[in-house]
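A quick write-up on the structure given underneath.
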Amino acid sequence: MKPGIKSVLWSAAALLLMLSLLLPGINLLTILLMIVPFAVLYASLSAKAFALHVIPVLAVALVLLGTPALMLAIFFLIPAIVMGHLYRKRAPASKVLVTGTVAVLAVSILMLVGFQVVFGVSLIGEMGEMIRTTVADLHAQRLLPEQWDDELTDYFVQMTINSIPLTLMIGSFVYAVVTHYLTRRALIRSGFDIPGAAPAREWKLPRIMVVYYLIAYVLQLFVSGDSTNFIAVALLNLVPLLRFAFSVQAIGFMFFLAHQRGWNRAVPVILSIIVLLFPPLSLLGVLDAAFPIRKSITKR
């Protein structure tokens with residue numbers, strides 16, 4: 001297939017993804033894939049050709065979907081251009097993932113602020129109201145304990161809002177990983193040489209991360225769980241974030257052990273799923289980062 005036709009097809013894919021925002025039930029999948037066609041176009045075309053492909057897509061989206069959809073598309077253009085630029089430079093996968101995560105996180109924050117400023121809609125406030133409405137419906141259907149009162153609902157809403165930074169950071173990382181995987185495969189099929197990520201068995205966090213985790217964990221023991229001050233909110237997000245990082249470290253250790261022992265590839269995959277489902281197992285990642293366990297296994 002000629003490169004020009006491929007570019008037109010990717011532009012059409014971007015437009016279809018935007019139009020699918022009108023369909024209920026698939027919006028989450030649409031948003032998850034939104035960056036991919038734009039990133040492929042930017043990585044495979046010149047800046048001028050990229051603009052010639054994207055501007056008509058945005059114009060059609062504006063006419064059919066209105067300003068909110070256009071804002072959403074422009075927001076996702078930012079990480080697409082950032083990641084596409086790194087693909088052009090053949091940057092390492094680790095740099096693409098880190099930079100892509102930061103770009104998606106920045107876009108998410110801009111989106112929250114943009115809807116507040118342009119449309120006067122607080123997405124965080126709307127989320128709180130949605131939680132209260134859901135709780136009220138469950139309470140009316142007697143699906144909640146009798147002890148559940150308005151004070152408990154307010155506490156749950158506050159905890160959810162305080163956890164938004166953690167949700168945004170982990171969500172941005174997962175988003176960048178999915179986007180990189182799909183975009184890289186698409187570019188390779190088009191004949192581009194895009195560096196891949198290091199094998200899972202080589203994933204390793206710096207040892208200093210263990211010190212940060214211990215300090216944050218100890219501080220959390222002395223901070224009230226229902227406090228809303230800055231330190232409490234920071235720890236509420238930092239400790240689970242570090243735990244997630246060490247879960248990834250534990251997954252790397254599983255693949256390292258499987259590689260050393262010659263296990264079937266399905267074994268570390270299953271163990272990795274178990275680690276993600278049971279956060280306390282992230283302790284294995286802490287031990288792996290703190291002590292030279294891999295060296296001892298290799299020597300043996």
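A note on labels: chains of the structure tokens are A, B, ... as shown, every chain counts residues from 1, and ligands are counted from 1 in their shown order.
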- prompt: Looking only at the backbone, which of the residues in segment 124-235 of chain A does DSSP tag as alpha helix (DSSP H), as an NGL selection string?
  reply: :A and (124-140 or 150-162 or 164-189 or 208-221 or 230-235)
field: From A:Ile297, A:Leu235, A:Ala200, A:Ile109, residue lying nearest Gln249 of chain A [only C-alpha atoms]
entry: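 Going through A:Ile297, A:Leu235, A:Ala200, A:Ile109 one by one, the smallest distance to Gln249 of chain A is for A:Ala200.
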query: Which residues come within 9 Å of Leu257 of chain A, counting only C-alpha atoms, excluding same-chain residues fewer than 3 positions away, as a list in words?
result: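 Contacts, in chain order: Arg201, Gly252, Phe253, Met254, Gln260, Arg261, Gly262, Trp263, Pro268, Arg294 and Ile297 of chain A.
Each of A:Leu284, A:Val117, A:Leu97, A:Leu17 was compared to Val174 of chain A using only C-alpha atoms, and A:Leu97 turns out to be the nearest.
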- line: Among A:Leu32, A:Leu15, A:Leu166, A:Ala197, Ile55 of chain A is approached most closely, using only C-alpha atoms, by A:Leu15
- prompt: Excluding same-chain residues fewer than 2 positions from segment 134-136 of chain A, what lies within 12 Å of it counting only C-alpha atoms, as a VMD selection string?
  reply: chain A and resid 127 to 132 138 to 145 148 to 150 152 to 154 156 to 157
Proximity to Arg243 of chain A - best of A:Ser282, A:Ser108, A:Ser44, A:Thr133, only C-alpha atoms: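 For Arg243 of chain A, the nearest of the given residues is A:Ser282.
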message: Show me, as a VMD selection string, the residues that have an atom within 12 Å of Arg88 of chain A when counting only C-alpha atoms, minus same-chain residues fewer than 5 positions from it.
response: chain A and resid 39 to 47 81 to 83 96 184 187 192 to 195
Please write the residues from the selection above to a file, keeping N, CA and C atoms, as a PDB file, in the first residue's frame.
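Output file result_29.pdb is given in full below:
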```
ATOM      1  N   ALA A  39      -0.327  10.054  16.467  1.00  0.00           N
ATOM      2  CA  ALA A  39       1.102   9.788  16.688  1.00  0.00           C
ATOM      3  C   ALA A  39       1.725   9.129  15.460  1.00  0.00           C
ATOM      4  N   VAL A  40       1.005   8.188  14.847  1.00  0.00           N
ATOM      5  CA  VAL A  40       1.508   7.534  13.635  1.00  0.00           C
ATOM      6  C   VAL A  40       1.676   8.561  12.513  1.00  0.00           C
ATOM      7  N   LEU A  41       0.695   9.433  12.346  1.00  0.00           N
ATOM      8  CA  LEU A  41       0.768  10.452  11.298  1.00  0.00           C
ATOM      9  C   LEU A  41       1.953  11.387  11.524  1.00  0.00           C
ATOM     10  N   TYR A  42       2.142  11.835  12.767  1.00  0.00           N
ATOM     11  CA  TYR A  42       3.230  12.786  13.035  1.00  0.00           C
ATOM     12  C   TYR A  42       4.600  12.128  12.836  1.00  0.00           C
ATOM     13  N   ALA A  43       4.704  10.842  13.219  1.00  0.00           N
ATOM     14  CA  ALA A  43       5.991  10.151  13.097  1.00  0.00           C
ATOM     15  C   ALA A  43       6.335   9.822  11.654  1.00  0.00           C
ATOM     16  N   SER A  44       5.329   9.668  10.804  1.00  0.00           N
ATOM     17  CA  SER A  44       5.573   9.214   9.431  1.00  0.00           C
ATOM     18  C   SER A  44       5.477  10.322   8.384  1.00  0.00           C
ATOM     19  N   LEU A  45       5.061  11.528   8.794  1.00  0.00           N
ATOM     20  CA  LEU A  45       4.903  12.625   7.840  1.00  0.00           C
ATOM     21  C   LEU A  45       5.737  13.831   8.261  1.00  0.00           C
ATOM     22  N   SER A  46       5.928  14.738   7.325  1.00  0.00           N
ATOM     23  CA  SER A  46       6.538  16.021   7.673  1.00  0.00           C
ATOM     24  C   SER A  46       5.518  16.860   8.436  1.00  0.00           C
ATOM     25  N   ALA A  47       5.981  17.926   9.068  1.00  0.00           N
ATOM     26  CA  ALA A  47       5.086  18.776   9.856  1.00  0.00           C
ATOM     27  C   ALA A  47       3.984  19.378   8.974  1.00  0.00           C
ATOM     28  N   ILE A  81       1.862  14.482  19.350  1.00  0.00           N
ATOM     29  CA  ILE A  81       2.989  15.173  18.726  1.00  0.00           C
ATOM     30  C   ILE A  81       4.276  14.917  19.507  1.00  0.00           C
ATOM     31  N   VAL A  82       4.180  14.929  20.832  1.00  0.00           N
ATOM     32  CA  VAL A  82       5.363  14.671  21.665  1.00  0.00           C
ATOM     33  C   VAL A  82       5.918  13.280  21.396  1.00  0.00           C
ATOM     34  N   MET A  83       5.044  12.258  21.453  1.00  0.00           N
ATOM     35  CA  MET A  83       5.512  10.889  21.229  1.00  0.00           C
ATOM     36  C   MET A  83       5.924  10.683  19.773  1.00  0.00           C
ATOM     37  N   VAL A  96      10.401   7.459  25.613  1.00  0.00           N
ATOM     38  CA  VAL A  96       9.072   7.669  25.035  1.00  0.00           C
ATOM     39  C   VAL A  96       7.992   7.470  26.099  1.00  0.00           C
ATOM     40  N   ARG A 184       3.910   1.766  18.028  1.00  0.00           N
ATOM     41  CA  ARG A 184       5.166   1.139  17.589  1.00  0.00           C
ATOM     42  C   ARG A 184       4.893   0.007  16.606  1.00  0.00           C
ATOM     43  N   LEU A 187       3.906   1.484  13.248  1.00  0.00           N
ATOM     44  CA  LEU A 187       5.033   2.077  12.529  1.00  0.00           C
ATOM     45  C   LEU A 187       5.974   1.000  11.990  1.00  0.00           C
ATOM     46  N   PHE A 192       9.136   1.340   9.563  1.00  0.00           N
ATOM     47  CA  PHE A 192       9.977   2.170  10.421  1.00  0.00           C
ATOM     48  C   PHE A 192      10.681   1.289  11.468  1.00  0.00           C
ATOM     49  N   ASP A 193      11.884   1.709  11.831  1.00  0.00           N
ATOM     50  CA  ASP A 193      12.651   0.997  12.858  1.00  0.00           C
ATOM     51  C   ASP A 193      12.494   1.732  14.178  1.00  0.00           C
ATOM     52  N   ILE A 194      11.623   1.233  15.039  1.00  0.00           N
ATOM     53  CA  ILE A 194      11.327   1.882  16.318  1.00  0.00           C
ATOM     54  C   ILE A 194      11.865   1.014  17.454  1.00  0.00           C
ATOM     55  N   PRO A 195      12.752   1.563  18.304  1.00  0.00           N
ATOM     56  CA  PRO A 195      13.302   0.754  19.408  1.00  0.00           C
ATOM     57  C   PRO A 195      12.212   0.251  20.345  1.00  0.00           C
TER      58      PRO A 195
END
```
